[in-house]
Every structure is written in C-alpha cells, then in structure tokens.
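Trainee: Okay, so here is start.txt, and as you'll see once you scroll down, it has compact mmCIF, C-alpha atoms.
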```txt
# COMPACT_ATOMS: atom_id res chain seq x y z
CA MET A 291 -3.99 73.76 -55.07
CA SER A 292 -6.88 72.08 -53.29
CA ARG A 293 -5.64 69.30 -51.03
CA PHE A 294 -9.11 68.10 -49.99
CA GLN A 295 -11.09 66.74 -52.93
CA VAL A 296 -14.75 65.92 -52.26
CA VAL A 297 -16.56 63.84 -54.89
CA SER A 298 -20.36 63.73 -55.05
CA GLY A 299 -22.95 62.91 -57.69
CA LYS A 300 -26.42 61.55 -58.27
CA GLY A 301 -26.81 57.85 -57.47
CA GLY A 302 -25.84 55.70 -60.43
CA THR A 303 -23.37 58.17 -61.94
CA GLY A 304 -20.33 56.27 -60.66
CA LYS A 305 -19.05 58.78 -58.12
CA THR A 306 -17.16 56.11 -56.15
CA THR A 307 -15.38 55.00 -59.32
CA VAL A 308 -14.48 58.61 -60.13
CA ALA A 309 -13.23 59.22 -56.58
CA ALA A 310 -11.01 56.13 -56.83
CA ALA A 311 -9.66 57.17 -60.24
CA LEU A 312 -9.02 60.67 -58.91
CA ALA A 313 -7.06 59.24 -55.98
CA LEU A 314 -4.85 57.30 -58.42
CA ALA A 315 -4.44 60.34 -60.67
CA LEU A 316 -3.35 62.53 -57.76
CA ALA A 317 -0.97 59.90 -56.38
CA THR A 318 1.37 59.94 -59.38
CA GLU A 319 5.06 60.80 -59.17
CA GLY A 320 5.54 59.73 -55.59
CA ARG A 321 2.62 61.57 -54.01
CA ARG A 322 0.45 60.05 -51.28
CA THR A 323 -3.33 60.20 -51.29
CA LEU A 324 -5.92 59.08 -48.80
CA LEU A 325 -9.25 57.89 -50.22
CA VAL A 326 -12.02 58.19 -47.64
CA GLU A 327 -15.39 56.43 -47.63
CA VAL A 328 -18.19 57.72 -45.38
CA GLU A 329 -21.30 55.77 -46.42
CA GLY A 330 -20.37 52.29 -45.17
CA ARG A 331 -20.89 50.60 -48.54
CA GLN A 332 -17.31 49.28 -48.94
CA GLY A 333 -17.41 50.39 -52.57
CA ILE A 334 -13.74 51.37 -52.54
CA ALA A 335 -12.61 47.92 -51.38
CA GLN A 336 -14.63 46.28 -54.16
CA LEU A 337 -13.12 48.51 -56.85
CA PHE A 338 -9.56 47.79 -55.74
CA GLY A 339 -10.23 44.09 -55.18
CA ALA A 340 -9.28 44.45 -51.51
CA ASP A 341 -10.72 43.10 -48.29
CA ALA A 342 -13.35 45.20 -46.50
CA LEU A 343 -11.73 48.37 -45.19
CA PRO A 344 -11.42 48.64 -41.41
CA TYR A 345 -11.54 51.85 -39.39
CA GLU A 346 -7.85 52.48 -40.05
CA GLU A 347 -5.77 53.79 -42.92
CA ARG A 348 -4.15 51.20 -45.14
CA ARG A 349 -2.40 51.19 -48.51
CA ILE A 350 -4.51 49.70 -51.28
CA ALA A 351 -2.71 50.68 -54.51
CA VAL A 352 0.50 52.02 -56.01
CA ALA A 353 0.26 54.70 -58.69
CA PRO A 354 2.65 55.36 -61.59
CA GLY A 355 5.89 56.86 -60.36
CA GLY A 356 5.69 55.16 -56.98
CA GLY A 357 2.86 57.15 -55.45
CA GLU A 358 0.60 55.47 -52.93
CA VAL A 359 -3.16 55.35 -52.47
CA HIS A 360 -4.29 54.71 -48.91
CA ALA A 361 -7.93 54.19 -47.96
CA LEU A 362 -10.10 54.60 -44.89
CA ALA A 363 -13.72 53.67 -44.23
CA ILE A 364 -14.92 56.09 -41.55
CA ASP A 365 -17.36 54.57 -39.07
CA ALA A 366 -19.42 57.21 -37.25
CA GLU A 367 -19.68 55.19 -34.02
CA LEU A 368 -15.93 54.56 -33.82
CA ALA A 369 -15.26 58.17 -34.76
CA LEU A 370 -17.46 59.25 -31.85
CA LEU A 371 -15.53 56.97 -29.50
CA ASP A 372 -12.30 58.59 -30.72
CA TYR A 373 -13.87 61.98 -30.14
CA LEU A 374 -15.03 61.12 -26.62
CA GLN A 375 -11.58 59.80 -25.76
CA MET A 376 -9.88 62.88 -27.23
CA PHE A 377 -11.99 65.47 -25.43
CA TYR A 378 -13.35 63.65 -22.38
CA LYS A 379 -10.82 60.84 -21.77
CA LEU A 380 -13.65 58.32 -21.36
CA GLY A 381 -11.60 55.28 -22.36
CA SER A 382 -13.39 52.10 -21.22
CA ALA A 383 -16.45 54.13 -20.28
CA GLY A 384 -16.84 55.05 -23.93
CA ARG A 385 -16.69 51.40 -24.93
CA ALA A 386 -19.31 50.65 -22.31
CA LEU A 387 -21.56 53.30 -23.88
CA LYS A 388 -21.16 51.53 -27.23
CA LYS A 389 -22.24 48.21 -25.71
CA LEU A 390 -25.32 49.89 -24.27
CA GLY A 391 -26.22 51.30 -27.68
CA ALA A 392 -25.73 54.91 -26.59
CA ILE A 393 -23.23 55.64 -29.37
CA ASP A 394 -25.55 54.42 -32.11
CA PHE A 395 -28.41 56.34 -30.48
CA ALA A 396 -26.41 59.57 -30.42
CA THR A 397 -25.33 59.39 -34.06
CA THR A 398 -28.84 58.45 -35.20
CA ILE A 399 -30.91 61.10 -33.42
CA ALA A 400 -28.40 63.85 -34.21
CA PRO A 401 -27.38 63.47 -37.86
CA GLY A 402 -25.56 66.81 -37.68
CA VAL A 403 -23.22 65.34 -35.06
CA ARG A 404 -22.70 62.29 -37.26
CA ASP A 405 -21.69 64.48 -40.18
CA VAL A 406 -19.30 66.48 -37.98
CA LEU A 407 -17.61 63.23 -36.97
CA LEU A 408 -17.33 61.97 -40.55
CA THR A 409 -16.08 65.21 -42.08
CA GLY A 410 -13.96 65.95 -39.01
CA LYS A 411 -12.01 62.72 -39.43
CA ALA A 412 -11.28 63.55 -43.07
CA CYS A 413 -10.31 67.15 -42.25
CA GLU A 414 -7.94 65.89 -39.55
CA ALA A 415 -6.18 63.82 -42.24
CA VAL A 416 -5.93 66.92 -44.43
CA ARG A 417 -4.22 68.87 -41.61
CA ARG A 418 -2.03 66.06 -40.25
CA LYS A 419 1.75 66.50 -40.41
CA ASP A 420 4.69 64.24 -39.61
CA LYS A 421 7.53 64.98 -37.20
CA GLN A 422 9.35 66.94 -39.91
CA GLY A 423 6.34 69.24 -40.36
CA ARG A 424 5.37 67.81 -43.74
CA PHE A 425 1.82 66.82 -44.60
CA VAL A 426 1.32 63.08 -44.21
CA TYR A 427 -0.95 63.05 -47.28
CA ASP A 428 -0.54 65.27 -50.31
CA TYR A 429 -4.26 64.87 -51.04
CA VAL A 430 -7.34 63.54 -49.28
CA ILE A 431 -10.22 62.43 -51.51
CA MET A 432 -13.65 61.81 -50.03
CA ASP A 433 -16.27 59.62 -51.67
CA ALA A 434 -19.10 61.75 -50.28
CA PRO A 435 -22.90 61.30 -50.07
CA PRO A 436 -25.02 61.93 -53.20
CA THR A 437 -25.68 65.37 -54.64
CA GLY A 438 -29.08 65.71 -52.99
CA ARG A 439 -27.45 65.61 -49.54
CA ILE A 440 -23.96 66.96 -50.16
CA THR A 441 -24.53 70.59 -49.10
CA ARG A 442 -26.21 69.60 -45.85
CA PHE A 443 -23.50 67.01 -45.20
CA LEU A 444 -20.68 69.53 -45.66
CA ASN A 445 -22.37 72.53 -44.04
CA VAL A 446 -21.90 71.02 -40.58
CA ASN A 447 -21.75 74.33 -38.73
CA ASP A 448 -25.40 75.03 -39.56
CA GLU A 449 -26.39 71.43 -38.84
CA VAL A 450 -25.10 71.46 -35.26
CA ALA A 451 -25.97 75.08 -34.45
CA GLY A 452 -29.16 74.08 -32.67
CA LEU A 453 -27.48 71.21 -30.84
CA ALA A 454 -24.26 72.73 -29.58
CA ARG A 455 -23.69 76.48 -29.49
CA ILE A 456 -20.59 76.13 -27.33
CA GLY A 457 -18.20 73.38 -26.30
CA PRO A 458 -16.15 70.74 -28.16
CA ILE A 459 -18.79 69.77 -30.77
CA HIS A 460 -19.28 73.43 -31.68
CA ASN A 461 -15.52 73.99 -31.87
CA GLN A 462 -15.08 70.84 -33.97
CA ALA A 463 -17.75 72.02 -36.41
CA GLN A 464 -16.06 75.39 -36.76
CA ALA A 465 -12.67 73.75 -37.34
CA VAL A 466 -14.23 71.56 -40.05
CA MET A 467 -15.82 74.56 -41.75
CA ARG A 468 -12.51 76.43 -41.79
CA VAL A 469 -11.12 73.62 -43.94
CA LEU A 470 -14.22 73.12 -46.08
CA LYS A 471 -14.64 76.80 -46.96
CA SER A 472 -10.95 77.38 -47.63
CA PRO A 473 -8.95 77.10 -50.88
CA GLN A 474 -7.76 73.72 -49.56
CA THR A 475 -11.12 72.19 -50.58
CA ALA A 476 -12.82 71.53 -53.93
CA VAL A 477 -16.18 69.77 -54.33
CA HIS A 478 -16.47 67.90 -57.64
CA LEU A 479 -19.81 66.71 -59.00
CA VAL A 480 -20.11 63.60 -61.17
CA THR A 481 -22.84 63.37 -63.79
CA LEU A 482 -23.95 61.52 -66.90
CA LEU A 483 -25.02 63.13 -70.18
CA GLU A 484 -28.66 62.62 -69.25
CA GLU A 485 -31.30 65.15 -68.28
CA MET A 486 -31.95 64.13 -64.67
CA PRO A 487 -28.30 63.80 -63.54
CA VAL A 488 -27.41 67.07 -65.27
CA GLN A 489 -30.33 68.89 -63.64
CA GLU A 490 -29.40 67.49 -60.22
CA THR A 491 -25.81 68.59 -60.83
CA ALA A 492 -26.96 72.12 -61.66
CA ASP A 493 -29.14 72.21 -58.54
CA GLY A 494 -26.27 70.85 -56.41
CA ILE A 495 -23.88 73.51 -57.69
CA ALA A 496 -26.42 76.24 -56.90
CA GLU A 497 -26.84 74.91 -53.34
CA LEU A 498 -23.09 74.62 -52.78
CA ARG A 499 -22.53 78.16 -54.02
CA ALA A 500 -25.35 79.49 -51.82
CA ALA A 501 -23.61 77.88 -48.83
CA ASP A 502 -20.24 79.40 -49.86
CA LEU A 503 -18.74 75.93 -50.35
CA PRO A 504 -16.04 75.74 -53.05
CA VAL A 505 -17.12 73.97 -56.23
CA GLY A 506 -14.37 72.33 -58.30
CA ARG A 507 -15.14 70.49 -61.53
CA VAL A 508 -18.00 68.72 -63.22
CA ILE A 509 -16.85 65.24 -64.23
CA VAL A 510 -18.95 63.60 -66.93
CA ASN A 511 -18.74 59.86 -66.47
CA MET A 512 -19.55 56.86 -68.69
CA VAL A 513 -19.40 58.81 -71.95
CA ARG A 514 -20.27 56.60 -74.91
CA PRO A 515 -18.40 57.07 -78.20
CA HIS A 516 -19.97 58.56 -81.33
CA LEU A 517 -19.98 55.72 -83.83
CA VAL A 518 -20.58 57.66 -87.06
CA ASP A 519 -19.64 61.02 -88.55
CA GLU A 520 -21.85 64.09 -88.74
CA GLU A 521 -23.08 63.49 -92.29
CA THR A 522 -24.10 59.93 -91.46
CA LEU A 523 -25.89 61.17 -88.34
CA ARG A 524 -27.92 63.60 -90.43
CA THR A 525 -28.73 60.88 -92.94
CA ALA A 526 -29.83 58.52 -90.17
CA ALA A 527 -31.92 61.17 -88.47
CA SER A 528 -33.74 61.93 -91.73
CA GLY A 529 -34.50 58.26 -92.39
CA ARG A 530 -33.43 58.24 -96.05
CA ARG A 531 -34.11 54.55 -96.69
CA LYS A 532 -33.38 54.45 -100.43
CA GLU A 533 -30.04 56.17 -100.12
CA ILE A 534 -28.96 53.80 -97.33
CA ALA A 535 -30.11 50.75 -99.33
CA LYS A 536 -28.13 51.87 -102.42
CA THR A 537 -25.02 52.46 -100.32
CA LEU A 538 -25.28 48.97 -98.83
CA THR A 539 -25.71 47.44 -102.28
CA ARG A 540 -22.69 49.33 -103.66
CA ALA A 541 -20.69 48.04 -100.71
CA GLY A 542 -21.56 44.48 -101.69
CA VAL A 543 -23.83 43.76 -98.71
CA THR A 544 -26.25 41.00 -99.65
CA GLY A 545 -29.83 41.13 -98.51
CA SER A 546 -29.52 44.90 -98.11
CA ALA A 547 -33.26 45.54 -98.41
CA ALA A 548 -33.91 43.46 -95.27
CA LEU A 549 -31.14 45.26 -93.42
CA VAL A 550 -32.32 48.78 -94.16
CA ARG A 551 -35.13 49.03 -91.64
CA PRO A 552 -33.24 47.78 -88.52
CA LEU A 553 -30.16 49.79 -89.54
CA ILE A 554 -32.21 52.95 -89.92
CA GLU A 555 -33.86 52.36 -86.56
CA GLN A 556 -30.52 51.82 -84.80
CA ALA A 557 -28.90 54.75 -86.54
CA ALA A 558 -31.86 57.00 -85.73
CA GLU A 559 -31.67 55.99 -82.06
CA HIS A 560 -27.95 56.76 -82.07
CA ALA A 561 -28.54 60.13 -83.74
CA GLN A 562 -31.22 60.98 -81.18
CA ARG A 563 -28.90 60.05 -78.30
CA VAL A 564 -26.09 62.18 -79.73
CA GLY A 565 -28.49 65.11 -80.06
CA LEU A 566 -29.67 64.76 -76.45
CA GLU A 567 -26.08 64.53 -75.23
CA ARG A 568 -25.24 67.75 -77.07
CA GLU A 569 -28.11 69.47 -75.31
CA GLN A 570 -26.84 68.31 -71.91
CA ARG A 571 -23.27 69.37 -72.74
CA ALA A 572 -24.65 72.84 -73.51
CA VAL A 573 -26.37 72.93 -70.11
CA LEU A 574 -23.14 71.91 -68.38
CA ALA A 575 -21.15 74.49 -70.31
CA GLY A 576 -23.54 77.14 -69.01
CA LEU A 577 -22.59 76.31 -65.41
CA GLY A 578 -19.26 78.06 -65.86
CA LEU A 579 -17.09 75.28 -64.39
CA PRO A 580 -14.19 73.27 -65.81
CA THR A 581 -15.26 69.82 -66.96
CA ALA A 582 -13.65 66.46 -67.61
CA GLU A 583 -15.06 63.43 -69.40
CA LEU A 584 -14.46 59.75 -68.70
CA PRO A 585 -15.36 56.91 -71.07
CA LEU A 586 -17.80 54.08 -70.51
CA PHE A 587 -16.31 50.64 -69.84
CA GLY A 588 -18.84 48.15 -71.15
CA ASP A 589 -17.41 45.25 -69.14
CA GLY A 590 -17.35 47.13 -65.83
CA VAL A 591 -14.50 48.76 -63.95
CA ASP A 592 -11.67 46.71 -62.46
CA LEU A 593 -8.27 47.87 -61.19
CA GLY A 594 -6.87 48.05 -64.72
CA ALA A 595 -9.78 50.21 -65.86
CA LEU A 596 -9.28 52.44 -62.80
CA HIS A 597 -5.70 53.09 -63.89
CA ASP A 598 -6.99 53.90 -67.41
CA LEU A 599 -9.51 56.37 -65.95
CA ALA A 600 -6.78 57.94 -63.82
CA ALA A 601 -4.60 58.36 -66.91
CA GLU A 602 -7.53 59.98 -68.72
CA LEU A 603 -8.01 62.44 -65.85
CA ARG A 604 -4.32 63.35 -65.94
CA LYS A 605 -4.52 63.80 -69.70
CA GLN A 606 -7.30 66.34 -69.16
CA GLY A 607 -5.31 68.22 -66.53
CA VAL A 608 -7.07 66.87 -63.44
CA GLY A 609 -4.44 66.36 -60.76
CA GLU A 610 -2.02 68.80 -62.30
CA GLY A 611 -3.73 72.19 -62.58
CA ALA A 612 -4.31 74.61 -59.70
CA ASP A 613 -8.09 74.22 -59.98
CA THR A 614 -8.08 70.56 -59.00
```
Would you mind writing the structure in this file as structure tokens?

Mentor:
Amino acid sequence: MSRFQVVSGKGGTGKTTVAAALALALATEGRRTLLVEVEGRQGIAQLFGADALPYEERRIAVAPGGGEVHALAIDAELALLDYLQMFYKLGSAGRALKKLGAIDFATTIAPGVRDVLLTGKACEAVRRKDKQGRFVYDYVIMDAPPTGRITRFLNVNDEVAGLARIGPIHNQAQAVMRVLKSPQTAVHLVTLLEEMPVQETADGIAELRAADLPVGRVIVNMVRPHLVDEETLRTAASGRRKEIAKTLTRAGVTGSAALVRPLIEQAAEHAQRVGLEREQRAVLAGLGLPTAELPLFGDGVDLGALHDLAAELRKQGVGEGADT
C-alpha cells in the first residue's frame, strides 16, 4: 500500500480540497496522516478553519475512529536552513545567511534545489520512525503543484543533475527519488468533467509515466448530479415543444405555454452538459487507471463537507484498497 500520496491537478479543479479529504479518509480507525502543503497558499488551514500553518507539524483534525490528521506547510527557506544545519552544522551562520537574503537567492536561482528541499522534507516524514521502530505517520499526503509542473517537481534527480553531481544535494535528490519511484508512492490527479482539465490530466499521466513516476488514481471532482432520466434527456435534446407543453398541462401547470420555451432551453443545456460529461468520462476510462468521483457542494466546502467527501472516498475504496 502506498504510504506517500501525492495529489496534483489543473488549477481550479479543487486539488487542495481533495488532498484534505484524502487525508481524512486515510486517517480513519486510529491511523495518523500528515497533510503537507508546498505552495505557500495556506489553503489547508482555510479548509480546516485553522490558523495559518507554521513550519512545524500540528494536529488539525480528528477522523472517525480516533485517527488524527496533522498538517505541515513546508517553507523552502526554512527547509534549506534545516538542511544546512544537518549537513554543515552552520547554526547561527545559517540564520545570518537568511538575514542577508542568501537563502532566498539560493532557492530562487536554483528551482531544482528548492524542489529537492520541499519533496525531501515530505519524504523524511514518510520514512520517519519512533523509538519502537514504528512509522510516525501511517500516510503522508502532499498537496502538490499543478499538473503542468508536477513531473518536473517530482523528478528532482534530473532537476539537480546539472547543479550537483556529487555531495549532499546530489545524495538528497537520490534519496528522494528512491521514495518517489517506489511502491510507497502514488501520484493522484484531480480533474473535472470538462475538456481542458481532462486533456491536461491525460498529458500529465503521460509525462509521469515517461518519467517512471507511479500514477495512482484519477479523482473526478465537483461532479454535478443528473436531474432527469434518460428518456427526458432525449426529449429535451430533441426540443419537442408540443409534447412538453401537453405534459405540463396534464400535470395541472398553469401558464404552461409561457413556460415551455425556458424549460426547453434549460433542459437542452442540461442534456448537452450530460453528453459532454459522458464524452470526458470515456476519455478518462481510456487512460486505464482507477477513478473516483466526488460531488459538487454548491455552498462551498467547510469542515463538515470535507468529512462528507472523505466518507465518499472511503465508500469508493480509496483509503482501503492496495492501489491507494
């Protein structure tokens, strides 16, 4: 079972929400999960109604069965200071470098190093054990960068190859890749049932596979319900005005003639959307990956809705099967 769950997706698909729901789903029955943010947006804190996350692990939620969700916002500059202290014992000298702006300079001009620091911190949490030799966290979930950058972000060994062919940075990158390319890791992609997100998902999967990075599931988010049955959809799509008007009259609806046109227009729009969604489902099915679907919450996602999404993921086998 994959202990490191990476969640990516095109901007606007709700990948942070899905990552948070996944953390809750995996934390059931007494398990502990760590939810990691790497983009500095504090999206996790907002979802859980918590204060801004510091650069330290803290509990932010309790899952059904007593499991715990902890969260961490990884800061690249602070991660680099940790790294310098770990390998070079710089201590106060490292803090002096930060004051001079050298830390920010280093992580900006060498994005590959930045990514090693961000992924390295998460991978360290995956490997960490307590004094009894047990893993501190059963699962680590990363709210990762969007699909267009996910392969480059995770493929840190290639990113730092031209910067550090030997030494601690090189060794750190190799250690990260051993985790990322192992069965411990699964990269999930979040999409909507729309053409552009689905195409970006397909492209992202192709890139991940080309880089030998393990792809997990496709999670379709914000799925809207089908409001009418198949026969009604066909009727709406064909625009049979007289038949709809007679049905309304038989049902006792007054002023049915005035209602026919707007009803037909709305029903036709709904039928068109359902047809387009079917086309995108067919594209996703052709990718050969397990999928899960999460409903749209019209009023937004709060902590209660997160628990509902987590329950929906568990219902669909996410968090229980070996492919998660």

Trainee: Check the smallest atom-to-atom distance from each of A:Arg349, A:Arg442, A:Lys605, A:Lys300 to Met486 in chain A using all atoms listed in the file, then report the winner.

Mentor: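 Selected residue with least distance to Met486 in chain A: A:Lys300.
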
Trainee: Taking (3.8, 53.4, -50.7) in the file's own coordinates, collect the residues within 9 Å, counting all atoms listed in the file, and hand them back as a PyMOL selection string.

Mentor: chain A and resi 320-322+349+351-353+356-360

Trainee: Can you write just those residues out, C-alpha atoms, as an mmCIF file, in the frame of the given file?

Mentor:
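Saved to part-v3.cif:
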```
data_model
loop_
_atom_site.group_PDB
_atom_site.id
_atom_site.type_symbol
_atom_site.label_atom_id
_atom_site.label_comp_id
_atom_site.auth_asym_id
_atom_site.auth_seq_id
_atom_site.Cartn_x
_atom_site.Cartn_y
_atom_site.Cartn_z
ATOM 1 C CA GLY A 320 5.540 59.730 -55.590
ATOM 2 C CA ARG A 321 2.620 61.570 -54.010
ATOM 3 C CA ARG A 322 0.450 60.050 -51.280
ATOM 4 C CA ARG A 349 -2.400 51.190 -48.510
ATOM 5 C CA ALA A 351 -2.710 50.680 -54.510
ATOM 6 C CA VAL A 352 0.500 52.020 -56.010
ATOM 7 C CA ALA A 353 0.260 54.700 -58.690
ATOM 8 C CA GLY A 356 5.690 55.160 -56.980
ATOM 9 C CA GLY A 357 2.860 57.150 -55.450
ATOM 10 C CA GLU A 358 0.600 55.470 -52.930
ATOM 11 C CA VAL A 359 -3.160 55.350 -52.470
ATOM 12 C CA HIS A 360 -4.290 54.710 -48.910
#
```

Trainee: Name all residues at most 9 Å from Gln332 in chain A (count only C-alpha atoms; drop same-chain ones fewer than 6 positions away) and give them as a PyMOL selection string.

Mentor: chain A and resi 342-343+363

Trainee: To one decimal in Å, tell me the separation between CA of His478 in chain A and CA of Gly299 in chain A.

Mentor: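 Separating CA of His478 in chain A from CA of Gly299 in chain A is a distance of 8.2 Å.
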
Trainee: Using only C-alpha atoms, pick whichever of A:Asp592, A:Asp372, A:Glu347, A:Glu490 has the shortest atom-to-atom distance to Gly438 in chain A.

Mentor: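 Of the candidates, the smallest distance to Gly438 in chain A is held by A:Glu490.
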
Trainee: Can you measure CA of Ala340 in chain A to CA of Leu362 in chain A for me? One decimal in Å is fine.

Mentor: 12.1 Å

Trainee: Between A:Ala361, A:Met432, A:Leu324, A:Ala572, which residue has the minimum interatomic distance to Asp341 in chain A, considering all atoms listed in the file?

Mentor: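 Looking only at the distances to Asp341 in chain A, the closest residue turns out to be A:Ala361.
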
Trainee: To one decimal place in Å, what is the distance between CA of Val296 in chain A and CA of Val328 in chain A?

Mentor: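 Calculated distance between CA of Val296 in chain A and CA of Val328 in chain A is 11.2 Å.
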
Trainee: Ile364 in chain A: which residues within 10 Å, counting only C-alpha atoms, same-chain residues fewer than 3 positions away excluded, as a ChimeraX atom specification?

Mentor: /A:326-330,343-347,361,367-369,407-409,411-412

Trainee: Compile the contact shell of Val480 in chain A as a ChimeraX atom specification: residues with an atom at most 9 Å away, counting all atoms listed in the file, same-chain residues fewer than 5 positions apart removed.

Mentor: /A:297-300,303-305,308,437,487,491,507-511

Trainee: Could those residues be written to a file, using C-alpha atoms, as an mmCIF file, in the frame of the given file?

Mentor:
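Once everything was written out, this is selection.cif:
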```cif
data_model
loop_
_atom_site.group_PDB
_atom_site.id
_atom_site.type_symbol
_atom_site.label_atom_id
_atom_site.label_comp_id
_atom_site.auth_asym_id
_atom_site.auth_seq_id
_atom_site.Cartn_x
_atom_site.Cartn_y
_atom_site.Cartn_z
ATOM 1 C CA VAL A 297 -16.560 63.840 -54.890
ATOM 2 C CA SER A 298 -20.360 63.730 -55.050
ATOM 3 C CA GLY A 299 -22.950 62.910 -57.690
ATOM 4 C CA LYS A 300 -26.420 61.550 -58.270
ATOM 5 C CA THR A 303 -23.370 58.170 -61.940
ATOM 6 C CA GLY A 304 -20.330 56.270 -60.660
ATOM 7 C CA LYS A 305 -19.050 58.780 -58.120
ATOM 8 C CA VAL A 308 -14.480 58.610 -60.130
ATOM 9 C CA THR A 437 -25.680 65.370 -54.640
ATOM 10 C CA PRO A 487 -28.300 63.800 -63.540
ATOM 11 C CA THR A 491 -25.810 68.590 -60.830
ATOM 12 C CA ARG A 507 -15.140 70.490 -61.530
ATOM 13 C CA VAL A 508 -18.000 68.720 -63.220
ATOM 14 C CA ILE A 509 -16.850 65.240 -64.230
ATOM 15 C CA VAL A 510 -18.950 63.600 -66.930
ATOM 16 C CA ASN A 511 -18.740 59.860 -66.470
#
```

Trainee: Using all atoms listed in the file, which residues sit within 10 Å of range 293-295 of chain A once same-chain residues fewer than 6 positions away are excluded, as a PyMOL selection string?

Mentor: chain A and resi 309+312-313+316+323-325+412-413+415-417+427-434+469-470+472-478+505-506+614

Trainee: Select, from A:Arg604, A:Asn445, A:Gly590, A:Glu555, the residue with the minimum atom-to-atom distance to Glu319 in chain A, counting only C-alpha atoms.

Mentor: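 Closest to Glu319 in chain A, using only C-alpha atoms: A:Arg604.
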
Trainee: Using only C-alpha atoms, which of A:Gly302, A:Gly542, A:Pro552, A:Pro504 sits nearest Leu579 in chain A?

Mentor: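 Among the listed residues, the smallest separation from Leu579 in chain A belongs to A:Pro504.
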
Trainee: Could you tell me which of A:Pro515, A:Ala335, A:Lys536, A:Glu559 comes closest to Leu586 in chain A if we count only C-alpha atoms?

Mentor: A:Pro515

Trainee: For a quick check of your reading of the model, name the residues lying within 12 Å of the coordinate (-24.1, 79.1, -65.1), counting all atoms listed in the file, and write them as a CSV table (one decimal) with C-alpha atoms, in the coordinates of the input.

Mentor:
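Now in out.csv:
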```csv
chain,number,residue,atom,x,y,z
A,491,THR,CA,-25.8,68.6,-60.8
A,492,ALA,CA,-27.0,72.1,-61.7
A,493,ASP,CA,-29.1,72.2,-58.5
A,495,ILE,CA,-23.9,73.5,-57.7
A,496,ALA,CA,-26.4,76.2,-56.9
A,499,ARG,CA,-22.5,78.2,-54.0
A,572,ALA,CA,-24.6,72.8,-73.5
A,573,VAL,CA,-26.4,72.9,-70.1
A,574,LEU,CA,-23.1,71.9,-68.4
A,575,ALA,CA,-21.2,74.5,-70.3
A,576,GLY,CA,-23.5,77.1,-69.0
A,577,LEU,CA,-22.6,76.3,-65.4
A,578,GLY,CA,-19.3,78.1,-65.9
A,579,LEU,CA,-17.1,75.3,-64.4
A,580,PRO,CA,-14.2,73.3,-65.8
```

Trainee: Could you rebuild range 299-311 of chain A with N, CA, C and O atoms and give it back as a PDB file, keeping the file's coordinate frame?

Mentor:
```pdb
ATOM      1  N   GLY A 299     -22.239  63.107 -56.434  1.00  0.00           N
ATOM      2  CA  GLY A 299     -22.950  62.910 -57.690  1.00  0.00           C
ATOM      3  C   GLY A 299     -24.243  62.167 -57.448  1.00  0.00           C
ATOM      4  O   GLY A 299     -24.410  61.503 -56.425  1.00  0.00           O
ATOM      5  N   LYS A 300     -25.157  62.272 -58.376  1.00  0.00           N
ATOM      6  CA  LYS A 300     -26.420  61.550 -58.270  1.00  0.00           C
ATOM      7  C   LYS A 300     -26.146  60.048 -58.242  1.00  0.00           C
ATOM      8  O   LYS A 300     -25.208  59.559 -58.876  1.00  0.00           O
ATOM      9  N   GLY A 301     -26.959  59.300 -57.501  1.00  0.00           N
ATOM     10  CA  GLY A 301     -26.810  57.850 -57.470  1.00  0.00           C
ATOM     11  C   GLY A 301     -26.833  57.259 -58.857  1.00  0.00           C
ATOM     12  O   GLY A 301     -27.654  57.644 -59.694  1.00  0.00           O
ATOM     13  N   GLY A 302     -25.909  56.343 -59.126  1.00  0.00           N
ATOM     14  CA  GLY A 302     -25.840  55.700 -60.430  1.00  0.00           C
ATOM     15  C   GLY A 302     -24.897  56.357 -61.415  1.00  0.00           C
ATOM     16  O   GLY A 302     -24.699  55.843 -62.523  1.00  0.00           O
ATOM     17  N   THR A 303     -24.288  57.490 -61.026  1.00  0.00           N
ATOM     18  CA  THR A 303     -23.370  58.170 -61.940  1.00  0.00           C
ATOM     19  C   THR A 303     -21.940  57.658 -61.814  1.00  0.00           C
ATOM     20  O   THR A 303     -21.078  58.029 -62.610  1.00  0.00           O
ATOM     21  N   GLY A 304     -21.671  56.815 -60.815  1.00  0.00           N
ATOM     22  CA  GLY A 304     -20.330  56.270 -60.660  1.00  0.00           C
ATOM     23  C   GLY A 304     -19.386  57.155 -59.877  1.00  0.00           C
ATOM     24  O   GLY A 304     -18.186  57.170 -60.144  1.00  0.00           O
ATOM     25  N   LYS A 305     -19.905  57.850 -58.869  1.00  0.00           N
ATOM     26  CA  LYS A 305     -19.050  58.780 -58.120  1.00  0.00           C
ATOM     27  C   LYS A 305     -17.940  58.063 -57.359  1.00  0.00           C
ATOM     28  O   LYS A 305     -16.833  58.599 -57.235  1.00  0.00           O
ATOM     29  N   THR A 306     -18.210  56.861 -56.858  1.00  0.00           N
ATOM     30  CA  THR A 306     -17.160  56.110 -56.150  1.00  0.00           C
ATOM     31  C   THR A 306     -16.036  55.736 -57.107  1.00  0.00           C
ATOM     32  O   THR A 306     -14.852  55.847 -56.766  1.00  0.00           O
ATOM     33  N   THR A 307     -16.385  55.315 -58.305  1.00  0.00           N
ATOM     34  CA  THR A 307     -15.380  55.000 -59.320  1.00  0.00           C
ATOM     35  C   THR A 307     -14.546  56.228 -59.647  1.00  0.00           C
ATOM     36  O   THR A 307     -13.313  56.156 -59.752  1.00  0.00           O
ATOM     37  N   VAL A 308     -15.205  57.375 -59.815  1.00  0.00           N
ATOM     38  CA  VAL A 308     -14.480  58.610 -60.130  1.00  0.00           C
ATOM     39  C   VAL A 308     -13.577  59.019 -58.978  1.00  0.00           C
ATOM     40  O   VAL A 308     -12.434  59.434 -59.183  1.00  0.00           O
ATOM     41  N   ALA A 309     -14.063  58.888 -57.741  1.00  0.00           N
ATOM     42  CA  ALA A 309     -13.230  59.220 -56.580  1.00  0.00           C
ATOM     43  C   ALA A 309     -11.989  58.348 -56.538  1.00  0.00           C
ATOM     44  O   ALA A 309     -10.878  58.823 -56.261  1.00  0.00           O
ATOM     45  N   ALA A 310     -12.148  57.049 -56.829  1.00  0.00           N
ATOM     46  CA  ALA A 310     -11.010  56.130 -56.830  1.00  0.00           C
ATOM     47  C   ALA A 310     -10.026  56.475 -57.940  1.00  0.00           C
ATOM     48  O   ALA A 310      -8.797  56.470 -57.726  1.00  0.00           O
ATOM     49  N   ALA A 311     -10.536  56.785 -59.127  1.00  0.00           N
ATOM     50  CA  ALA A 311      -9.660  57.170 -60.240  1.00  0.00           C
ATOM     51  C   ALA A 311      -8.935  58.470 -59.933  1.00  0.00           C
ATOM     52  O   ALA A 311      -7.753  58.634 -60.265  1.00  0.00           O
TER      53      ALA A 311
END
```
